[in-house]
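See below for work_20.tsv, which holds TSV, C-alpha atoms.
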```tsv
chain	number	residue	atom	x	y	z
L	1	MET	CA	1.96	-16.22	-12.77
L	2	LYS	CA	3.41	-16.02	-16.27
L	3	PRO	CA	6.79	-14.32	-16.73
L	4	LEU	CA	6.55	-10.64	-17.66
L	5	THR	CA	8.79	-8.62	-19.94
L	6	LEU	CA	10.08	-5.19	-18.92
L	7	GLU	CA	7.53	-3.65	-21.27
L	8	GLU	CA	4.71	-5.60	-19.60
L	9	ILE	CA	5.93	-4.53	-16.16
L	10	GLU	CA	5.90	-0.89	-17.21
L	11	ASP	CA	2.34	-1.35	-18.52
L	12	ALA	CA	1.36	-3.09	-15.27
L	13	ARG	CA	2.66	-0.10	-13.28
L	14	LYS	CA	0.41	2.23	-15.31
L	15	ARG	CA	-2.65	0.01	-14.88
L	16	THR	CA	-1.99	-0.35	-11.16
L	17	ALA	CA	-1.63	3.41	-10.65
L	18	ASP	CA	-4.84	4.05	-12.62
L	19	THR	CA	-6.74	1.47	-10.56
L	20	ALA	CA	-5.54	3.00	-7.28
L	21	MET	CA	-6.74	6.43	-8.43
L	22	ASP	CA	-10.11	4.92	-9.42
L	23	HIS	CA	-10.43	3.53	-5.89
L	24	ILE	CA	-9.73	6.99	-4.46
L	25	GLY	CA	-12.44	8.53	-6.64
L	26	ALA	CA	-14.93	5.86	-5.63
L	27	ALA	CA	-14.04	6.26	-1.94
L	28	GLU	CA	-14.67	10.00	-2.20
L	29	ALA	CA	-18.05	9.48	-3.89
L	30	LEU	CA	-19.16	6.86	-1.37
L	31	LEU	CA	-18.20	9.03	1.59
L	32	VAL	CA	-20.27	11.91	0.19
L	33	ALA	CA	-23.17	9.50	-0.45
L	34	GLY	CA	-23.13	8.37	3.19
L	35	TYR	CA	-21.32	5.03	2.99
L	36	PRO	CA	-18.30	5.52	5.28
L	37	ALA	CA	-17.48	1.83	5.78
L	38	THR	CA	-17.33	1.05	2.06
L	39	SER	CA	-15.41	4.27	1.49
L	40	PHE	CA	-12.92	3.16	4.15
L	41	PHE	CA	-12.52	-0.20	2.42
L	42	LEU	CA	-11.78	1.41	-0.94
L	43	SER	CA	-9.27	3.80	0.63
L	44	HIS	CA	-7.50	0.78	2.08
L	45	ALA	CA	-7.75	-1.01	-1.28
L	46	ALA	CA	-6.17	2.01	-2.99
L	47	LEU	CA	-3.21	1.80	-0.62
L	48	GLU	CA	-2.82	-1.93	-1.21
L	49	GLU	CA	-3.04	-1.39	-4.96
L	50	ILE	CA	-0.40	1.34	-5.07
L	51	ALA	CA	1.83	-0.84	-2.84
L	52	LYS	CA	2.12	-3.28	-5.76
L	53	ILE	CA	4.17	-0.78	-7.74
L	54	PRO	CA	7.38	-1.14	-5.68
L	55	MET	CA	6.99	-4.91	-6.08
L	56	LEU	CA	6.72	-4.54	-9.85
L	57	VAL	CA	9.72	-2.21	-9.93
L	58	ARG	CA	11.67	-4.77	-7.89
L	59	VAL	CA	10.92	-7.45	-10.47
L	60	GLY	CA	11.96	-5.09	-13.25
L	61	LEU	CA	15.27	-4.42	-11.53
L	62	ASP	CA	15.80	-8.17	-11.13
L	63	ILE	CA	15.29	-8.59	-14.86
L	64	VAL	CA	17.83	-5.85	-15.55
L	65	ALA	CA	20.31	-7.46	-13.14
L	66	GLY	CA	19.82	-10.89	-14.70
L	67	THR	CA	18.54	-12.38	-11.45
L	68	THR	CA	16.54	-15.61	-11.59
L	69	ILE	CA	12.91	-14.79	-10.77
L	70	ASP	CA	10.42	-17.12	-9.11
L	71	TRP	CA	7.31	-15.92	-10.93
L	72	SER	CA	4.95	-17.96	-8.79
L	73	GLU	CA	6.33	-16.17	-5.73
L	74	VAL	CA	5.90	-12.80	-7.47
L	75	GLY	CA	2.26	-13.66	-8.11
L	76	LYS	CA	1.73	-14.60	-4.47
L	77	ARG	CA	3.29	-11.34	-3.26
L	78	LEU	CA	1.12	-9.25	-5.56
L	79	GLN	CA	-1.99	-10.95	-4.14
L	80	SER	CA	-0.92	-11.07	-0.49
L	81	HIS	CA	-2.68	-8.58	1.78
L	82	ARG	CA	0.13	-8.99	4.33
L	83	GLU	CA	2.85	-8.17	1.79
L	84	LYS	CA	0.97	-5.12	0.51
L	85	ILE	CA	0.28	-3.91	4.05
L	86	GLN	CA	4.01	-4.17	4.79
L	87	GLU	CA	4.79	-2.18	1.63
L	88	THR	CA	2.26	0.43	2.77
L	89	TRP	CA	4.03	0.65	6.14
L	90	VAL	CA	7.31	1.35	4.32
L	91	GLY	CA	5.56	4.00	2.20
L	92	LEU	CA	4.36	5.69	5.37
L	93	HIS	CA	8.00	6.25	6.39
L	94	ILE	CA	9.60	7.44	3.14
L	95	ASN	CA	9.07	11.20	3.11
L	96	ALA	CA	5.55	10.54	4.39
L	97	ASP	CA	5.53	13.70	6.50
L	98	GLU	CA	5.72	15.65	3.23
L	99	LYS	CA	2.56	13.88	2.04
L	100	ILE	CA	0.58	13.82	5.30
L	101	ALA	CA	1.02	17.13	7.07
L	102	ASN	CA	-0.96	16.15	10.17
L	103	PRO	CA	1.51	14.34	12.48
L	104	GLU	CA	-1.29	12.77	14.52
L	105	LEU	CA	-2.87	11.30	11.40
L	106	LEU	CA	0.48	10.05	10.12
L	107	ALA	CA	1.21	8.40	13.47
L	108	LYS	CA	-2.20	6.70	13.39
L	109	ALA	CA	-1.58	5.42	9.85
L	110	ARG	CA	1.82	4.04	10.84
L	111	LYS	CA	0.22	2.28	13.79
L	112	TRP	CA	-2.55	0.82	11.63
L	113	PHE	CA	-0.09	-0.64	9.11
L	114	ALA	CA	2.60	-1.82	11.54
L	115	ASP	CA	3.28	-5.55	11.92
L	116	ASP	CA	1.01	-5.68	14.96
L	117	GLY	CA	-1.45	-3.10	13.62
L	118	GLN	CA	-5.14	-3.38	12.78
L	119	ALA	CA	-5.03	-2.70	9.03
L	120	ARG	CA	-6.02	-6.22	7.98
L	121	ALA	CA	-8.82	-6.48	10.56
L	122	LEU	CA	-10.18	-3.02	9.78
L	123	ARG	CA	-10.17	-3.84	6.07
L	124	GLU	CA	-12.28	-6.94	6.66
L	125	HIS	CA	-14.64	-5.27	9.14
L	126	ALA	CA	-15.21	-2.41	6.70
L	127	LEU	CA	-16.66	-4.85	4.17
L	128	TYR	CA	-18.23	-7.73	6.06
L	129	ALA	CA	-20.50	-8.17	9.07
L	130	GLY	CA	-18.99	-10.51	11.61
L	131	VAL	CA	-17.44	-10.93	15.04
L	132	ILE	CA	-15.03	-8.05	15.42
L	133	ASN	CA	-11.51	-8.42	16.80
L	134	VAL	CA	-10.43	-4.78	16.84
L	135	ILE	CA	-8.37	-3.78	19.86
L	136	GLY	CA	-10.32	-1.64	22.30
L	137	GLN	CA	-13.73	-2.86	21.18
L	138	PRO	CA	-15.78	-5.63	22.81
L	139	MET	CA	-16.11	-8.90	20.92
L	140	ALA	CA	-19.51	-8.94	19.26
L	141	PHE	CA	-21.14	-9.62	15.91
L	142	LYS	CA	-21.37	-6.24	14.24
L	143	SER	CA	-22.02	-4.63	10.88
L	144	PRO	CA	-19.36	-2.55	9.08
L	145	VAL	CA	-21.21	0.65	10.05
L	146	ASP	CA	-20.80	-0.31	13.71
L	147	VAL	CA	-17.02	-0.47	13.33
L	148	ILE	CA	-16.16	2.24	10.79
L	149	ASP	CA	-17.57	5.70	11.42
L	150	ARG	CA	-17.34	8.77	9.20
L	151	ALA	CA	-14.31	10.15	11.04
L	152	MET	CA	-12.36	6.93	10.43
L	153	ALA	CA	-13.39	6.95	6.78
L	154	GLU	CA	-12.28	10.56	6.38
L	155	GLU	CA	-8.93	9.78	8.00
L	156	ALA	CA	-8.40	6.76	5.77
L	157	LEU	CA	-9.30	8.73	2.67
L	158	THR	CA	-6.93	11.57	3.60
L	159	ILE	CA	-4.08	9.10	4.11
L	160	ALA	CA	-4.83	7.13	0.94
L	161	ARG	CA	-5.28	10.21	-1.23
L	162	ALA	CA	-1.95	11.67	-0.08
L	163	ILE	CA	0.05	8.48	-0.56
L	164	VAL	CA	-1.57	7.45	-3.84
L	165	THR	CA	-1.49	10.83	-5.57
L	166	SER	CA	2.13	11.32	-4.55
L	167	ARG	CA	3.11	7.88	-5.87
L	168	VAL	CA	1.23	8.46	-9.12
L	169	LYS	CA	3.14	11.71	-9.68
L	170	GLU	CA	6.42	9.87	-9.05
L	171	GLU	CA	5.30	7.16	-11.45
L	172	GLU	CA	4.62	9.65	-14.23
L	173	ILE	CA	8.26	10.72	-13.98
L	174	SER	CA	9.99	7.38	-13.43
L	175	ARG	CA	7.87	4.90	-15.36
L	176	GLY	CA	9.35	3.70	-18.63
L	177	HIS	CA	12.98	3.90	-17.57
L	178	LEU	CA	13.59	0.46	-16.04
L	179	ALA	CA	15.34	-0.77	-19.16
L	180	HIS	CA	17.90	2.02	-18.82
L	181	THR	CA	18.88	1.18	-15.23
L	182	PRO	CA	22.57	0.17	-15.00
L	183	ALA	CA	22.71	-3.39	-13.64
L	184	GLY	CA	25.45	-2.42	-11.18
L	185	LEU	CA	23.14	-0.01	-9.39
L	186	VAL	CA	20.61	-2.69	-8.44
L	187	SER	CA	22.61	-4.23	-5.57
L	188	ALA	CA	23.49	-0.79	-4.21
L	189	PHE	CA	19.81	0.15	-4.33
L	190	ASP	CA	18.88	-3.05	-2.47
L	191	GLN	CA	21.41	-2.40	0.26
L	192	ALA	CA	20.28	1.20	0.74
L	193	ILE	CA	16.63	0.19	1.07
L	194	ALA	CA	17.42	-2.67	3.46
L	195	THR	CA	19.50	-0.37	5.68
L	196	MET	CA	16.77	2.27	5.68
L	197	ILE	CA	14.03	-0.17	6.67
L	198	GLU	CA	16.17	-1.74	9.38
L	199	SER	CA	16.91	1.68	10.90
L	200	TRP	CA	13.18	2.51	10.99
L	201	ARG	CA	12.31	-0.77	12.67
L	202	ASN	CA	15.03	-0.30	15.30
L	203	ARG	CA	14.48	3.40	15.92
L	204	PRO	CA	13.93	4.47	19.57
L	205	GLU	CA	10.29	5.08	20.45
```
Could I get this file's structure written as C-alpha cells?
Amino acid sequence: MKPLTLEEIEDARKRTADTAMDHIGAAEALLVAGYPATSFFLSHAALEEIAKIPMLVRVGLDIVAGTTIDWSEVGKRLQSHREKIQETWVGLHINADEKIANPELLAKARKWFADDGQARALREHALYAGVINVIGQPMAFKSPVDVIDRAMAEEALTIARAIVTSRVKEEEISRGHLAHTPAGLVSAFDQAIATMIESWRNRPE
C-alpha cells in the first residue's frame, strides 16, 4: 500500500462512509425483493466497511505523532476480515446500547462478532453454497438460503443500519480535523482505548 497523506486519509474516510451507506441501501432493497441471504451479506459488508474508519483515523494520528508507519501492514489490516470483525466487536461495546435499543439483539451481535463468534462463517455462508460449519447446525452442503433466513437478515440489517448511520453522523462532525490534533494527545488516547478494551474483555459474565 502506498503511503497516504492526512488529506488522502480524510478523503478515504469519506469514501469508506459513503460505501458503507451504499451497502445498507442495497441490503434494504434486496431484503424487500426477497433475497435475505444476499441482504445479510451486504449488512455484514457494511459493518466491515465502516470498521475501516477507526483504522484510518489511527494511521492519521500516527502521522500527527510522527510515528513510523508500516504501510504494507496498514494495507493488510484494511483488507483483513478478521481485523475488521474485531473492530466491529469494539464498536458494539462503545455506546452501542444507545444505537441498538433491543438488548437481545445487541447481545446476539456481540456474540456473532466475538473472537469465537460466527461472523466470518455466516458472512461466507450468506454468499456461497458449501459445507456449513455454523454452530448448532448439522454439517451438510447447503445453499445460502438454507443458512440465512429472513429473520436473520432483518436482525443483521437492524444492527448494521444502527452502527453505520451512527458512525457516519460522527464522521460528519469529526472528519477533517486530524491535522489539528495535538501530538501529545495521541498516546493518552491510545492508553484510554487500550484500557477500555481490556476492561470489556475481562468483564464478569
Counting only C-alpha atoms, the residue of L:Leu6, L:Leu61, L:Leu157, L:Leu178 that sits nearest His23 (chain L): L:Leu157
Leaving out Met55 (chain L) and any residue of its chain fewer than 6 positions from it, which residues lie within 12 Å of it when counting only C-alpha atoms, given as a short mmCIF file (atom, residue, chain, number, x, y, z; two decimals) with C-alpha atoms, keeping the file's coordinate frame?
```cif
data_model
loop_
_atom_site.label_atom_id
_atom_site.label_comp_id
_atom_site.auth_asym_id
_atom_site.auth_seq_id
_atom_site.Cartn_x
_atom_site.Cartn_y
_atom_site.Cartn_z
CA ILE L 9 5.93 -4.53 -16.16
CA GLU L 10 5.90 -0.89 -17.21
CA ALA L 12 1.36 -3.09 -15.27
CA ARG L 13 2.66 -0.10 -13.28
CA THR L 16 -1.99 -0.35 -11.16
CA GLU L 48 -2.82 -1.93 -1.21
CA GLU L 49 -3.04 -1.39 -4.96
CA LEU L 61 15.27 -4.42 -11.53
CA ASP L 62 15.80 -8.17 -11.13
CA GLU L 73 6.33 -16.17 -5.73
CA VAL L 74 5.90 -12.80 -7.47
CA GLY L 75 2.26 -13.66 -8.11
CA LYS L 76 1.73 -14.60 -4.47
CA ARG L 77 3.29 -11.34 -3.26
CA LEU L 78 1.12 -9.25 -5.56
CA GLN L 79 -1.99 -10.95 -4.14
CA SER L 80 -0.92 -11.07 -0.49
CA GLU L 83 2.85 -8.17 1.79
CA LYS L 84 0.97 -5.12 0.51
CA GLN L 86 4.01 -4.17 4.79
CA GLU L 87 4.79 -2.18 1.63
CA THR L 88 2.26 0.43 2.77
#
```
Best match for closeness to Thr158 (chain L) among L:Ala27, L:Val134, L:Ile69, L:Leu127, counting only C-alpha atoms: L:Ala27
Distance query 12 Å from (-14.4, -6.7, 18.1) using only C-alpha atoms, result as a list in words: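 Checked against the point, the hits come out as Gln118, Ala121, Leu122, Glu124, His125, Ala129, Gly130, Val131, Ile132, Asn133, Val134, Ile135, Gly136, Gln137, Pro138, Met139, Ala140, Phe141, Lys142, Ser143, Pro144, Asp146, Val147 and Ile148 of chain L.
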Could those selected residues go to a file with C-alpha atoms, as a CSV table (one decimal), keeping the file's coordinate frame?
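Ended up saving to result16.csv:
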```csv
chain,number,residue,atom,x,y,z
L,118,GLN,CA,-5.1,-3.4,12.8
L,121,ALA,CA,-8.8,-6.5,10.6
L,122,LEU,CA,-10.2,-3.0,9.8
L,124,GLU,CA,-12.3,-6.9,6.7
L,125,HIS,CA,-14.6,-5.3,9.1
L,129,ALA,CA,-20.5,-8.2,9.1
L,130,GLY,CA,-19.0,-10.5,11.6
L,131,VAL,CA,-17.4,-10.9,15.0
L,132,ILE,CA,-15.0,-8.0,15.4
L,133,ASN,CA,-11.5,-8.4,16.8
L,134,VAL,CA,-10.4,-4.8,16.8
L,135,ILE,CA,-8.4,-3.8,19.9
L,136,GLY,CA,-10.3,-1.6,22.3
L,137,GLN,CA,-13.7,-2.9,21.2
L,138,PRO,CA,-15.8,-5.6,22.8
L,139,MET,CA,-16.1,-8.9,20.9
L,140,ALA,CA,-19.5,-8.9,19.3
L,141,PHE,CA,-21.1,-9.6,15.9
L,142,LYS,CA,-21.4,-6.2,14.2
L,143,SER,CA,-22.0,-4.6,10.9
L,144,PRO,CA,-19.4,-2.6,9.1
L,146,ASP,CA,-20.8,-0.3,13.7
L,147,VAL,CA,-17.0,-0.5,13.3
L,148,ILE,CA,-16.2,2.2,10.8
```
Polymer residues at most 12 Å from Asp11 (chain L), all atoms listed in the file, same-chain spacing of 6 or more positions, as a PyMOL selection string: chain L and resi 4-5+17-18+53+56-57+60+171+175-178
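Between CA of Ala96 (chain L) and CA of Ile163 (chain L) the separation is 7.7 Å.
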For Val168 (chain L), the nearest of the candidates L:Ala20, L:Val32, L:Val145, L:Ala26, counting only C-alpha atoms: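 For Val168 (chain L), the nearest of the given residues is L:Ala20.
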From L:Arg150, L:His81, L:Lys169, L:Arg110, residue lying nearest Ala37 (chain L) [all atoms listed in the file]: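 Using all atoms listed in the file, the shortest distance to Ala37 (chain L) belongs to L:Arg150.
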From L:Val64, L:Val164, L:Ile173, L:Ala179, residue lying nearest Ile24 (chain L) [only C-alpha atoms]: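 Of L:Val64, L:Val164, L:Ile173, L:Ala179, the one nearest Ile24 (chain L) is L:Val164, counting only C-alpha atoms.
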Using only C-alpha atoms: which of L:Ile50, L:Met21, L:Leu42, L:Ile63 has the shortest distance to Pro3 (chain L):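 Residue with the minimum atom-to-atom distance to Pro3 (chain L): L:Ile63.
Taking CA of Asp97 (chain L) and CA of Ala156 (chain L) as the two end points, the separation is 15.6 Å.
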Mind giving me the axis-aligned box for region 24-29 of chain L with 8 Å on every side, centre plus edges in Å to one decimal, as lines of an AutoDock Vina configuration file?
```
center_x = -13.9
center_y = 7.9
center_z = -4.3
size_x = 24.3
size_y = 20.1
size_z = 20.7
```
Atom pair CA of Phe40 (chain L) / CA of Lys14 (chain L): separation (Å): 23.6 Å
